[in-house]
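Have a look at data.cif; it's mmCIF, C-alpha atoms:
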```cif
data_coords
#
loop_
_atom_site.label_atom_id
_atom_site.label_comp_id
_atom_site.auth_asym_id
_atom_site.auth_seq_id
_atom_site.Cartn_x
_atom_site.Cartn_y
_atom_site.Cartn_z
CA MET A 50 -15.51 -119.84 71.14
CA GLU A 51 -17.24 -122.24 68.74
CA LYS A 52 -16.06 -125.85 68.89
CA LEU A 53 -15.11 -127.10 65.44
CA VAL A 54 -13.55 -130.41 64.46
CA SER A 55 -11.34 -130.62 61.39
CA VAL A 56 -12.19 -133.20 58.75
CA ALA A 57 -8.83 -134.88 59.35
CA GLU A 58 -9.40 -135.03 63.13
CA SER A 59 -12.89 -136.45 62.79
CA ARG A 60 -11.50 -139.11 60.45
CA ARG A 61 -8.66 -139.90 62.88
CA PHE A 62 -11.04 -140.36 65.78
CA MET A 63 -13.31 -142.71 63.86
CA ILE A 64 -10.40 -144.77 62.55
CA ASP A 65 -9.10 -145.15 66.11
CA CYS A 66 -12.53 -146.27 67.32
CA PHE A 67 -12.83 -148.86 64.57
CA LYS A 68 -9.30 -150.17 65.02
CA ILE A 69 -9.67 -150.61 68.79
CA SER A 70 -12.83 -152.58 67.96
CA GLY A 71 -10.84 -155.08 65.90
CA VAL A 72 -11.19 -153.57 62.43
CA PRO A 73 -8.09 -153.73 60.16
CA GLN A 74 -6.51 -150.39 59.21
CA HIS A 75 -7.64 -150.37 55.57
CA HIS A 76 -11.23 -151.28 56.48
CA ALA A 77 -11.28 -148.69 59.27
CA GLU A 78 -10.07 -146.03 56.84
CA GLN A 79 -12.78 -146.88 54.31
CA GLN A 80 -15.54 -146.71 56.91
CA ALA A 81 -14.22 -143.47 58.39
CA ASP A 82 -13.87 -141.89 54.93
CA LEU A 83 -17.53 -142.65 54.27
CA LEU A 84 -18.71 -141.17 57.57
CA VAL A 85 -16.62 -138.01 57.54
CA ALA A 86 -17.63 -137.41 53.90
CA ALA A 87 -21.26 -137.29 55.04
CA ASP A 88 -20.46 -134.73 57.74
CA TYR A 89 -18.35 -132.68 55.35
CA ARG A 90 -21.22 -132.57 52.87
CA GLY A 91 -23.73 -131.45 55.48
CA HIS A 92 -25.40 -134.83 56.08
CA ILE A 93 -24.60 -134.98 59.80
CA SER A 94 -27.31 -137.62 60.21
CA HIS A 95 -25.11 -140.11 58.34
CA GLY A 96 -21.63 -139.30 59.63
CA LEU A 97 -20.35 -139.31 63.19
CA ASN A 98 -23.99 -139.77 64.21
CA ARG A 99 -23.78 -143.34 62.88
CA LEU A 100 -20.49 -144.33 64.57
CA GLN A 101 -22.06 -145.86 67.68
CA HIS A 102 -24.41 -147.97 65.56
CA TYR A 103 -21.49 -149.50 63.65
CA LEU A 104 -19.42 -150.07 66.78
CA ASN A 105 -22.39 -151.79 68.40
CA ASP A 106 -22.73 -154.07 65.37
CA LEU A 107 -19.06 -154.99 65.75
CA SER A 108 -19.24 -155.58 69.50
CA THR A 109 -22.31 -157.82 69.19
CA LYS A 110 -20.77 -159.70 66.24
CA SER A 111 -23.67 -158.59 64.08
CA ALA A 112 -21.11 -157.34 61.55
CA ASP A 113 -17.61 -158.62 60.74
CA GLY A 114 -15.05 -155.83 60.53
CA THR A 115 -12.47 -158.16 58.96
CA ALA A 116 -14.70 -159.64 56.25
CA VAL A 117 -13.78 -159.32 52.58
CA PRO A 118 -16.57 -159.57 49.98
CA LYS A 119 -16.40 -162.25 47.30
CA ILE A 120 -17.82 -162.64 43.80
CA LEU A 121 -20.32 -165.48 43.50
CA LYS A 122 -21.15 -165.18 39.81
CA GLU A 123 -20.25 -162.72 37.04
CA SER A 124 -20.48 -161.87 33.36
CA PRO A 125 -18.67 -159.09 31.46
CA ALA A 126 -21.35 -156.60 32.58
CA THR A 127 -22.77 -158.07 35.80
CA ALA A 128 -21.74 -159.56 39.12
CA TRP A 129 -23.43 -161.13 42.12
CA VAL A 130 -21.47 -160.51 45.31
CA ASP A 131 -21.56 -161.93 48.81
CA GLY A 132 -20.74 -159.12 51.23
CA CYS A 133 -19.86 -161.74 53.88
CA ASN A 134 -21.44 -159.51 56.55
CA GLY A 135 -18.66 -156.95 56.18
CA LEU A 136 -18.71 -153.24 56.97
CA GLY A 137 -20.88 -151.13 54.69
CA ALA A 138 -18.14 -149.06 53.08
CA VAL A 139 -15.86 -152.06 52.55
CA VAL A 140 -18.55 -153.97 50.68
CA GLY A 141 -19.95 -150.90 48.92
CA ASN A 142 -16.56 -149.71 47.66
CA PHE A 143 -15.72 -153.21 46.43
CA CYS A 144 -19.00 -153.50 44.52
CA MET A 145 -18.98 -150.03 42.98
CA ASP A 146 -15.33 -150.38 41.95
CA LEU A 147 -16.24 -153.68 40.30
CA ALA A 148 -19.13 -152.00 38.46
CA ILE A 149 -16.79 -149.21 37.35
CA GLU A 150 -14.27 -151.73 36.04
CA LYS A 151 -16.96 -153.49 34.01
CA ALA A 152 -18.45 -150.24 32.68
CA LYS A 153 -15.05 -149.16 31.37
CA LYS A 154 -14.77 -152.44 29.46
CA VAL A 155 -18.28 -152.99 28.10
CA GLY A 156 -20.20 -149.78 28.82
CA VAL A 157 -22.27 -150.97 31.78
CA GLY A 158 -21.51 -152.55 35.14
CA TRP A 159 -24.35 -153.90 37.28
CA VAL A 160 -23.53 -155.44 40.65
CA CYS A 161 -25.93 -156.84 43.25
CA ALA A 162 -24.77 -157.84 46.73
CA LYS A 163 -26.29 -159.81 49.58
CA ASN A 164 -25.16 -160.22 53.20
CA CYS A 165 -24.54 -156.48 53.44
CA ASN A 166 -24.81 -154.01 56.32
CA HIS A 167 -25.91 -150.38 56.48
CA TYR A 168 -23.75 -148.62 53.90
CA GLY A 169 -24.06 -145.03 55.10
CA MET A 170 -24.58 -142.10 52.76
CA SER A 171 -25.90 -143.66 49.56
CA GLY A 172 -24.44 -140.92 47.36
CA TRP A 173 -20.87 -141.92 48.30
CA TYR A 174 -20.92 -144.81 45.83
CA PRO A 175 -22.24 -143.12 42.65
CA TRP A 176 -19.80 -140.31 43.43
CA ARG A 177 -16.97 -142.84 43.02
CA ALA A 178 -18.28 -143.67 39.55
CA MET A 179 -18.74 -140.00 38.68
CA LYS A 180 -15.08 -139.32 39.47
CA GLU A 181 -14.23 -141.84 36.74
CA GLY A 182 -16.39 -140.05 34.16
CA LEU A 183 -19.26 -142.52 34.52
CA VAL A 184 -22.88 -142.25 35.60
CA GLY A 185 -23.25 -143.98 38.96
CA ILE A 186 -26.37 -145.47 40.55
CA SER A 187 -26.81 -147.10 43.94
CA MET A 188 -29.64 -148.25 46.14
CA SER A 189 -30.12 -150.33 49.26
CA ASN A 190 -32.95 -151.80 51.24
CA ALA A 191 -33.05 -151.19 54.99
CA SER A 192 -34.66 -152.17 58.27
CA PRO A 193 -38.47 -151.88 58.05
CA ILE A 194 -39.53 -148.51 59.38
CA MET A 195 -41.92 -147.24 56.67
CA ALA A 196 -45.54 -148.33 56.27
CA PRO A 197 -46.93 -149.09 52.81
CA THR A 198 -49.71 -146.79 51.67
CA GLY A 199 -52.86 -147.68 53.58
CA ALA A 200 -50.98 -149.66 56.25
CA LYS A 201 -50.42 -148.90 59.93
CA GLU A 202 -47.32 -151.01 60.45
CA ALA A 203 -43.84 -150.87 58.94
CA ALA A 204 -42.94 -153.25 56.12
CA LEU A 205 -40.29 -151.30 54.15
CA GLY A 206 -37.11 -149.38 54.88
CA THR A 207 -36.33 -145.81 53.95
CA ASN A 208 -34.63 -147.48 50.94
CA PRO A 209 -32.36 -144.79 49.44
CA ILE A 210 -31.68 -144.16 45.75
CA SER A 211 -28.71 -142.15 44.53
CA VAL A 212 -27.51 -141.10 41.07
CA ALA A 213 -24.41 -139.11 40.11
CA ALA A 214 -23.19 -137.77 36.76
CA GLN A 215 -20.39 -135.45 35.68
CA ALA A 216 -21.13 -132.52 33.38
CA GLU A 217 -18.80 -129.98 31.83
CA ASP A 218 -17.69 -127.87 34.82
CA ASP A 219 -20.69 -129.12 36.79
CA GLN A 220 -22.21 -132.22 38.32
CA PHE A 221 -25.48 -133.82 39.32
CA LEU A 222 -25.64 -135.79 42.58
CA LEU A 223 -29.00 -137.00 43.85
CA ASP A 224 -29.23 -138.86 47.18
CA ILE A 225 -32.75 -139.41 48.50
CA ALA A 226 -34.74 -141.71 50.74
CA THR A 227 -37.94 -143.11 49.29
CA ALA A 228 -39.57 -142.30 52.64
CA ALA A 229 -40.53 -138.78 53.73
CA THR A 230 -37.15 -138.58 55.49
CA SER A 231 -34.33 -140.78 56.70
CA LEU A 232 -34.13 -142.27 60.18
CA GLY A 233 -30.92 -140.33 60.75
CA LYS A 234 -32.62 -136.97 60.20
CA ILE A 235 -35.26 -137.91 62.78
CA GLU A 236 -32.45 -138.76 65.21
CA ILE A 237 -30.83 -135.36 64.62
CA LYS A 238 -34.15 -133.62 65.34
CA ARG A 239 -34.34 -135.50 68.62
CA ARG A 240 -30.74 -134.62 69.47
CA LYS A 241 -31.58 -130.96 68.95
CA GLY A 242 -34.84 -131.24 70.86
CA GLU A 243 -36.64 -129.86 67.84
CA LYS A 244 -40.18 -130.61 66.77
CA ILE A 245 -40.43 -133.33 64.13
CA PRO A 246 -42.04 -131.81 61.02
CA GLU A 247 -45.59 -132.75 60.16
CA GLY A 248 -45.67 -135.51 57.59
CA TRP A 249 -42.46 -137.28 58.68
CA LEU A 250 -43.92 -139.84 61.11
CA GLN A 251 -47.18 -141.67 61.55
CA ASN A 252 -48.55 -143.40 64.63
CA THR A 253 -49.96 -146.92 64.84
CA GLU A 254 -53.33 -145.59 63.70
CA ALA A 255 -51.70 -144.27 60.50
CA ALA A 256 -52.16 -140.62 61.54
CA SER A 257 -49.33 -138.09 61.19
CA THR A 258 -47.51 -137.40 64.45
CA ASN A 259 -44.61 -135.31 65.73
CA ASP A 260 -44.43 -136.83 69.20
CA LEU A 261 -40.87 -136.36 70.52
CA GLU A 262 -41.57 -138.58 73.51
CA LYS A 263 -41.92 -141.71 71.44
CA LYS A 264 -39.01 -144.13 71.50
CA SER A 265 -37.14 -144.20 68.21
CA LYS A 266 -37.66 -147.95 67.86
CA ASP A 267 -41.41 -147.24 67.61
CA ASP A 268 -41.02 -144.80 64.72
CA ILE A 269 -43.04 -145.45 61.59
CA VAL A 270 -41.82 -143.14 58.84
CA MET A 271 -44.31 -141.85 56.31
CA ARG A 272 -43.89 -142.33 52.60
CA PHE A 273 -42.34 -139.72 50.38
CA GLY A 274 -45.37 -138.07 48.77
CA GLY A 275 -47.42 -137.75 51.93
CA ASP A 276 -50.11 -139.63 53.77
CA SER A 277 -51.85 -141.05 50.71
CA GLY A 278 -48.76 -140.99 48.50
CA HIS A 279 -48.27 -144.11 46.41
CA LYS A 280 -45.18 -142.83 44.59
CA GLY A 281 -42.73 -143.10 47.47
CA TYR A 282 -44.23 -146.47 48.34
CA GLY A 283 -43.79 -147.67 44.76
CA LEU A 284 -40.21 -146.44 44.52
CA SER A 285 -39.36 -148.11 47.83
CA VAL A 286 -40.66 -151.41 46.50
CA VAL A 287 -38.55 -150.95 43.34
CA VAL A 288 -35.47 -150.60 45.56
CA GLU A 289 -36.56 -153.68 47.51
CA ILE A 290 -36.82 -155.69 44.28
CA LEU A 291 -33.59 -154.51 42.62
CA SER A 292 -31.47 -154.77 45.77
CA GLY A 293 -32.96 -157.21 48.28
CA VAL A 294 -34.93 -159.62 46.10
CA MET A 295 -32.54 -159.66 43.14
CA ALA A 296 -29.49 -160.15 45.38
CA GLY A 297 -31.06 -162.99 47.36
CA ALA A 298 -30.83 -160.94 50.56
CA ASN A 299 -33.37 -160.29 53.27
CA PHE A 300 -36.21 -157.95 52.36
CA SER A 301 -39.16 -156.20 53.97
CA THR A 302 -40.00 -157.62 57.41
CA LYS A 303 -37.33 -160.32 57.04
CA ILE A 304 -34.79 -157.60 57.90
CA ARG A 305 -34.02 -157.05 61.57
CA LYS A 306 -34.57 -153.76 63.36
CA TRP A 307 -31.42 -151.66 63.76
CA SER A 308 -30.60 -150.00 67.08
CA PRO A 309 -27.42 -148.52 68.60
CA THR A 310 -28.08 -150.31 71.89
CA ASP A 311 -29.86 -153.59 71.23
CA THR A 312 -28.10 -156.85 70.44
CA ASN A 313 -28.80 -157.20 66.76
CA GLN A 314 -29.10 -160.10 64.41
CA ARG A 315 -27.32 -160.07 61.08
CA ALA A 316 -28.92 -157.64 58.69
CA ASN A 317 -28.28 -159.39 55.35
CA LEU A 318 -29.27 -156.28 53.43
CA GLY A 319 -29.35 -156.23 49.64
CA GLN A 320 -27.63 -153.52 47.63
CA LEU A 321 -27.26 -152.45 44.01
CA PHE A 322 -24.32 -150.67 42.41
CA ALA A 323 -24.34 -149.65 38.75
CA ALA A 324 -22.01 -147.68 36.51
CA ILE A 325 -22.73 -146.54 32.95
CA ASP A 326 -20.29 -145.07 30.46
CA PRO A 327 -22.16 -142.24 28.67
CA CYS A 328 -19.62 -142.39 25.84
CA TYR A 329 -21.52 -145.43 24.53
CA PHE A 330 -24.44 -143.10 23.87
CA ASP A 331 -24.63 -139.44 22.82
CA PRO A 332 -21.04 -138.08 22.69
CA ASN A 333 -22.35 -134.69 23.87
CA PHE A 334 -23.61 -136.05 27.18
CA LYS A 335 -21.49 -133.82 29.44
CA ALA A 336 -22.26 -130.67 27.48
CA ASN A 337 -25.97 -131.44 27.39
CA LEU A 338 -26.02 -132.23 31.10
CA ALA A 339 -24.36 -128.87 31.78
CA ASP A 340 -27.01 -127.23 29.63
CA LEU A 341 -29.74 -128.98 31.60
CA THR A 342 -28.41 -127.98 35.03
CA CYS A 343 -27.95 -124.40 33.81
CA ARG A 344 -31.54 -124.21 32.60
CA LEU A 345 -32.81 -125.56 35.91
CA ARG A 346 -30.84 -123.04 37.97
CA LYS A 347 -32.08 -120.21 35.74
CA SER A 348 -35.71 -121.08 36.52
CA GLN A 349 -37.47 -118.11 38.07
CA PRO A 350 -37.58 -118.74 41.83
CA ILE A 351 -40.69 -118.32 43.96
CA ASP A 352 -38.55 -116.48 46.51
CA PRO A 353 -35.76 -114.35 44.96
CA LYS A 354 -33.68 -114.96 48.10
CA LYS A 355 -33.80 -118.72 47.47
CA PRO A 356 -32.41 -119.56 44.04
CA VAL A 357 -33.33 -122.81 42.35
CA LEU A 358 -30.78 -125.54 43.12
CA VAL A 359 -29.71 -128.72 41.37
CA PRO A 360 -29.14 -131.91 43.39
CA GLY A 361 -25.58 -131.67 44.68
CA ASP A 362 -25.57 -127.88 45.12
CA MET A 363 -26.40 -128.05 48.83
CA GLU A 364 -23.55 -130.49 49.43
CA ALA A 365 -21.11 -128.26 47.54
CA ALA A 366 -22.20 -125.29 49.67
CA ALA A 367 -21.78 -127.32 52.86
CA MET A 368 -18.23 -128.36 51.93
CA LYS A 369 -17.33 -124.75 51.14
CA ALA A 370 -18.72 -123.66 54.53
CA VAL A 371 -16.66 -126.28 56.37
CA ASP A 372 -13.51 -125.22 54.50
CA GLU A 373 -14.10 -121.56 55.31
CA ALA A 374 -14.89 -122.25 58.97
CA GLY A 375 -11.93 -124.57 59.40
CA GLY A 376 -13.91 -127.54 60.65
CA ILE A 377 -17.20 -129.37 61.14
CA LYS A 378 -19.67 -128.08 63.72
CA TYR A 379 -21.12 -131.06 65.56
CA LEU A 380 -24.05 -130.90 67.96
CA PRO A 381 -23.17 -130.60 71.69
CA ASP A 382 -24.60 -134.00 72.55
CA GLN A 383 -22.66 -135.59 69.67
CA LEU A 384 -19.44 -134.20 71.15
CA LYS A 385 -20.46 -135.41 74.60
CA ALA A 386 -21.16 -138.89 73.21
CA CYS A 387 -17.73 -138.90 71.54
CA GLU A 388 -16.06 -137.90 74.80
CA GLU A 389 -17.77 -140.80 76.58
CA LEU A 390 -16.88 -143.14 73.73
CA ALA A 391 -13.22 -142.13 73.87
CA GLN A 392 -13.12 -142.89 77.60
CA CYS A 393 -14.86 -146.23 77.12
CA LEU A 394 -12.62 -147.38 74.26
CA LYS A 395 -9.49 -145.71 75.64
CA VAL A 396 -8.70 -143.78 72.46
CA ASN A 397 -7.56 -140.18 72.16
CA PRO A 398 -10.57 -137.84 72.37
CA LEU A 399 -11.50 -135.41 69.65
CA SER A 400 -9.42 -132.25 69.56
CA PHE A 401 -10.90 -129.00 68.37
CA ALA A 402 -9.87 -126.49 65.74
CA ASN A 403 -10.10 -123.13 67.51
CA ARG A 404 -11.97 -120.40 65.75
CA GLU A 405 -11.00 -116.80 66.43
#
```
Reformat the file's structure so that it appears as structure tokens.
Amino acid sequence: MEKLVSVAESRRFMIDCFKISGVPQHHAEQQADLLVAADYRGHISHGLNRLQHYLNDLSTKSADGTAVPKILKESPATAWVDGCNGLGAVVGNFCMDLAIEKAKKVGVGWVCAKNCNHYGMSGWYPWRAMKEGLVGISMSNASPIMAPTGAKEAALGTNPISVAAQAEDDQFLLDIATAATSLGKIEIKRRKGEKIPEGWLQNTEAASTNDLEKKSKDDIVMRFGGDSGHKGYGLSVVVEILSGVMAGANFSTKIRKWSPTDTNQRANLGQLFAAIDPCYFDPNFKANLADLTCRLRKSQPIDPKKPVLVPGDMEAAAMKAVDEAGGIKYLPDQLKACEELAQCLKVNPLSFANRE
């Protein structure tokens, strides 16, 4: 019998873990909602897989589970926020909701935040704007793990960019790292004992490697665009400027390394949250966006068995699969880690949704 965990049960377990670690109920719920949403959408690298990292940050006082972000400076369309070292979802939700509020009043909301922590699945925040009929944008810098083009040491993070927009009976939801892959996806490969694809990692001599024996803290992720690619490098620097530099946060090698076991220093990441009301522009935005996504999907595929997708389609398919199965299928070692965590924290372990 396959072990499945319902979305509600996964959320319950994570809330319990956060609460026993001193996080207030509302903050625990926000963080758990973010994580389980990633698992539900098929991004298991950014869901339950991240729980131990966040709990470690709390236990080492590297993050403050009770912190509430505050506005340092604002105009009708902009705001500069101090995340006060709070949990990623707490700060991220606050900032995106503020951007949404401003966009509804003046057409655009642009919010930069400093003193932030890892904010999970980047697409969670533009999705909040999309639900309000707005175009959402978010990006964050991260611990240095990617080498600039031509370099053999890390100086940039995987620095994600995400954009979401609602169309008529459709949607567009892009969530990408500016590196060849995210750190979480490398971790999942290691959990599975699978070979790391060529072009994901480079060694200290700048050559591509798929060495599974390396310690994760030694990983140097390659740029999106390949060995000599300058495009991923350039986009990563753009994220660094618009989030880290503009927010007055740490950037590049000023940011500490992030590990689920080491005692960490404060991250002080920089993050950007923007919302745009398309009604201030072409009134046919939603219809035209639906036309665009339709044209893309109708493109003749190279392989007839693999139709052309639009960003967001894979997530929609993953959610449908979870609903039909009756739960999320976690990896065996993830379930084992959760069992050990439940014993350590003295919370109720995960229960499983039986599948006939």
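The smallest atom-to-atom distance between A:Phe334 and any of A:Val155, A:Leu183, A:Ala365, A:Ala128, using all atoms listed in the file, is found for A:Leu183.
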Please report as CSV every residue of stretch 340-378 of chain A lying within 12 Å of stretch 165-173 of chain A, along with the nearest atom pair and their distance in Å (one decimal), using all atoms listed in the file.
```
residue,atom,partner,partner_atom,distance
A:Pro360,CA,A:Gly172,CA,10.9
A:Gly361,CA,A:Gly172,CA,9.7
A:Glu364,CA,A:Gly172,CA,10.7
```
Which polymer residues have any atom within 7 Å of an atom of A:Ala367, counting all atoms listed in the file, with same-chain residues fewer than 4 positions away left out, as a PDB file with C-alpha atoms, in the frame of the given file?
```pdb
ATOM      1  CA  TYR A  89     -18.350-132.680  55.350  1.00  0.00           C
ATOM      2  CA  ARG A  90     -21.220-132.570  52.870  1.00  0.00           C
ATOM      3  CA  GLY A  91     -23.730-131.450  55.480  1.00  0.00           C
ATOM      4  CA  MET A 363     -26.400-128.050  48.830  1.00  0.00           C
ATOM      5  CA  VAL A 371     -16.660-126.280  56.370  1.00  0.00           C
TER       6      VAL A 371
END
```
Residue with smallest distance to A:Thr302 - pool A:Ala116, A:Val359, A:Met195, A:Val54, counting only C-alpha atoms: A:Met195
For a cutoff of 12 Å around the file-coordinate point (-15.4, -142.1, 42.8), which residues qualify once you count all atoms listed in the file? I'd like the result as a list in words. Leu83, Gly141, Asn142, Phe143, Met145, Asp146, Leu147, Ala148, Ile149, Glu150, Gly172, Trp173, Tyr174, Pro175, Trp176, Arg177, Ala178, Met179, Lys180, Glu181, Gly182, Leu183, Val184, Gly185, Ile186, Ala213, Ala214, Gln215 and Ala324 of chain A
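One finds atom CA of A:Ala112 at 25.8 Å from atom CA of A:Thr127.
What separates atom CA of A:Lys163 from atom CA of A:Ala81 is a distance of 22.1 Å.
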Enumerate, as a ChimeraX atom specification, the residues matched when the PyMOL selection byres ((chain A and resi 401) around 12) is run on the file above. /A:50-59,62,375-379,384,398-400,402-404
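Omitting A:Ile304 and its sequence neighbours fewer than 4 positions away, and counting all atoms listed in the file, the residues within 12 Å are Asn164, Cys165, Asn166, His167, Asn190, Ala191, Ser192, Pro193, Ile194, Ala203, Ala204, Leu205, Gly206, Glu289, Gly293, Val294, Ala298, Asn299, Phe300, Asn313, Gln314, Arg315, Ala316, Asn317, Leu318 and Gly319 of chain A.
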For A:Gln74, list every protein, DNA or RNA residue within 12 Å, evaluated using only C-alpha atoms, and leave out those in the same chain fewer than 5 positions away; present the list as a PyMOL selection string. chain A and resi 61+63-69+79-81+114-115+139
Apply the PyMOL selection byres ((chain A and resi 269) around 7) to the file shown and report the selected residues as a list in words. Ile194, Met195, Ala196, Ala203, Leu250, Gln251, Asn252, Asp267, Asp268, Val270 and Met271 of chain A
Could you save the residues just selected, with C-alpha atoms, as an mmCIF file, keeping the file's coordinate frame?
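Resulting contents of again22.cif:
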```
data_model
loop_
_atom_site.group_PDB
_atom_site.id
_atom_site.type_symbol
_atom_site.label_atom_id
_atom_site.label_comp_id
_atom_site.auth_asym_id
_atom_site.auth_seq_id
_atom_site.Cartn_x
_atom_site.Cartn_y
_atom_site.Cartn_z
ATOM 1 C CA ILE A 194 -39.530 -148.510 59.380
ATOM 2 C CA MET A 195 -41.920 -147.240 56.670
ATOM 3 C CA ALA A 196 -45.540 -148.330 56.270
ATOM 4 C CA ALA A 203 -43.840 -150.870 58.940
ATOM 5 C CA LEU A 250 -43.920 -139.840 61.110
ATOM 6 C CA GLN A 251 -47.180 -141.670 61.550
ATOM 7 C CA ASN A 252 -48.550 -143.400 64.630
ATOM 8 C CA ASP A 267 -41.410 -147.240 67.610
ATOM 9 C CA ASP A 268 -41.020 -144.800 64.720
ATOM 10 C CA VAL A 270 -41.820 -143.140 58.840
ATOM 11 C CA MET A 271 -44.310 -141.850 56.310
#
```
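The spacing separating atom CA of A:Tyr103 from atom CA of A:Val72 amounts to 11.1 Å.
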Counting all atoms listed in the file, the residue among A:Ala336, A:Cys144, A:Leu341, A:Leu107 that lies closest to A:Lys119 is A:Cys144
For A:Ile120, which residue out of A:Gly248, A:Gly71, A:Gly156, A:Gly132 is the nearest one, using only C-alpha atoms? A:Gly132
Among the residues A:Ser187, A:Gln101, A:Ser111, A:Thr198, the one that comes closest to A:Ile225 [using all atoms listed in the file]: A:Ser187
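Residues lying within 7 Å of A:Val157, counting all atoms listed in the file and ignoring same-chain neighbours fewer than 4 positions away, are A:Ala126, A:Lys151, A:Ala152, A:Ala324, A:Ile325, A:Asp326.
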Emit as JSON the padded axis-aligned box for all listed atoms of stretch 329-342 of chain A, 8 Å per side, with centre and edge lengths in Å to one decimal.
```
{"center_x": -25.4, "center_y": -136.3, "center_z": 28.9, "size_x": 24.7, "size_y": 34.2, "size_z": 28.3}
```
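Nearest residue to A:Ser211 among A:Asp224, A:Asp88, A:Asp382, A:Asp362 is A:Asp224, counting only C-alpha atoms.
Using the PyMOL selection byres ((chain A and resi 281) around 10) on this structure selects A:Pro197, A:Thr198, A:Thr207, A:Asn208, A:Ala226, A:Thr227, A:Ala228, A:Ala229, A:Met271, A:Arg272, A:Phe273, A:Gly274, A:Gly275, A:Ser277, A:Gly278, A:His279, A:Lys280, A:Tyr282, A:Gly283, A:Leu284, A:Ser285, A:Val286, A:Val287.
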Rebuild stretch 190-195 of chain A so that it carries all heavy atoms, then output the result as a PDB file, keeping the file's coordinate frame.
```
ATOM      1  N   ASN A 190     -31.802-151.681  50.350  1.00  0.00           N
ATOM      2  CA  ASN A 190     -32.950-151.800  51.240  1.00  0.00           C
ATOM      3  C   ASN A 190     -32.480-151.565  52.669  1.00  0.00           C
ATOM      4  O   ASN A 190     -31.281-151.363  52.920  1.00  0.00           O
ATOM      5  CB  ASN A 190     -33.698-153.123  51.052  1.00  0.00           C
ATOM      6  CG  ASN A 190     -32.890-154.354  51.416  1.00  0.00           C
ATOM      7  OD1 ASN A 190     -31.786-154.270  51.950  1.00  0.00           O
ATOM      8  ND2 ASN A 190     -33.445-155.528  51.116  1.00  0.00           N
ATOM      9  N   ALA A 191     -33.398-151.558  53.606  1.00  0.00           N
ATOM     10  CA  ALA A 191     -33.050-151.190  54.990  1.00  0.00           C
ATOM     11  C   ALA A 191     -34.058-151.787  55.950  1.00  0.00           C
ATOM     12  O   ALA A 191     -35.074-152.358  55.544  1.00  0.00           O
ATOM     13  CB  ALA A 191     -33.013-149.665  55.115  1.00  0.00           C
ATOM     14  N   SER A 192     -33.774-151.644  57.236  1.00  0.00           N
ATOM     15  CA  SER A 192     -34.660-152.170  58.270  1.00  0.00           C
ATOM     16  C   SER A 192     -36.067-151.577  58.110  1.00  0.00           C
ATOM     17  O   SER A 192     -36.218-150.375  57.843  1.00  0.00           O
ATOM     18  CB  SER A 192     -34.123-151.821  59.653  1.00  0.00           C
ATOM     19  OG  SER A 192     -32.855-152.398  59.850  1.00  0.00           O
ATOM     20  N   PRO A 193     -37.103-152.379  58.266  1.00  0.00           N
ATOM     21  CA  PRO A 193     -38.470-151.880  58.050  1.00  0.00           C
ATOM     22  C   PRO A 193     -38.854-150.808  59.061  1.00  0.00           C
ATOM     23  O   PRO A 193     -38.875-151.059  60.262  1.00  0.00           O
ATOM     24  CB  PRO A 193     -39.332-153.148  58.208  1.00  0.00           C
ATOM     25  CG  PRO A 193     -38.492-154.094  59.005  1.00  0.00           C
ATOM     26  CD  PRO A 193     -37.077-153.801  58.622  1.00  0.00           C
ATOM     27  N   ILE A 194     -39.140-149.647  58.531  1.00  0.00           N
ATOM     28  CA  ILE A 194     -39.530-148.510  59.380  1.00  0.00           C
ATOM     29  C   ILE A 194     -40.600-147.664  58.693  1.00  0.00           C
ATOM     30  O   ILE A 194     -41.146-146.748  59.268  1.00  0.00           O
ATOM     31  CB  ILE A 194     -38.297-147.659  59.712  1.00  0.00           C
ATOM     32  CG1 ILE A 194     -38.605-146.646  60.811  1.00  0.00           C
ATOM     33  CG2 ILE A 194     -37.748-146.959  58.479  1.00  0.00           C
ATOM     34  CD1 ILE A 194     -37.412-145.864  61.296  1.00  0.00           C
ATOM     35  N   MET A 195     -40.930-147.995  57.425  1.00  0.00           N
ATOM     36  CA  MET A 195     -41.920-147.240  56.670  1.00  0.00           C
ATOM     37  C   MET A 195     -43.130-148.128  56.365  1.00  0.00           C
ATOM     38  O   MET A 195     -42.965-149.292  55.982  1.00  0.00           O
ATOM     39  CB  MET A 195     -41.325-146.731  55.358  1.00  0.00           C
ATOM     40  CG  MET A 195     -42.276-145.842  54.568  1.00  0.00           C
ATOM     41  SD  MET A 195     -41.560-145.281  53.001  1.00  0.00           S
ATOM     42  CE  MET A 195     -41.901-146.686  51.949  1.00  0.00           C
TER      43      MET A 195
END
```
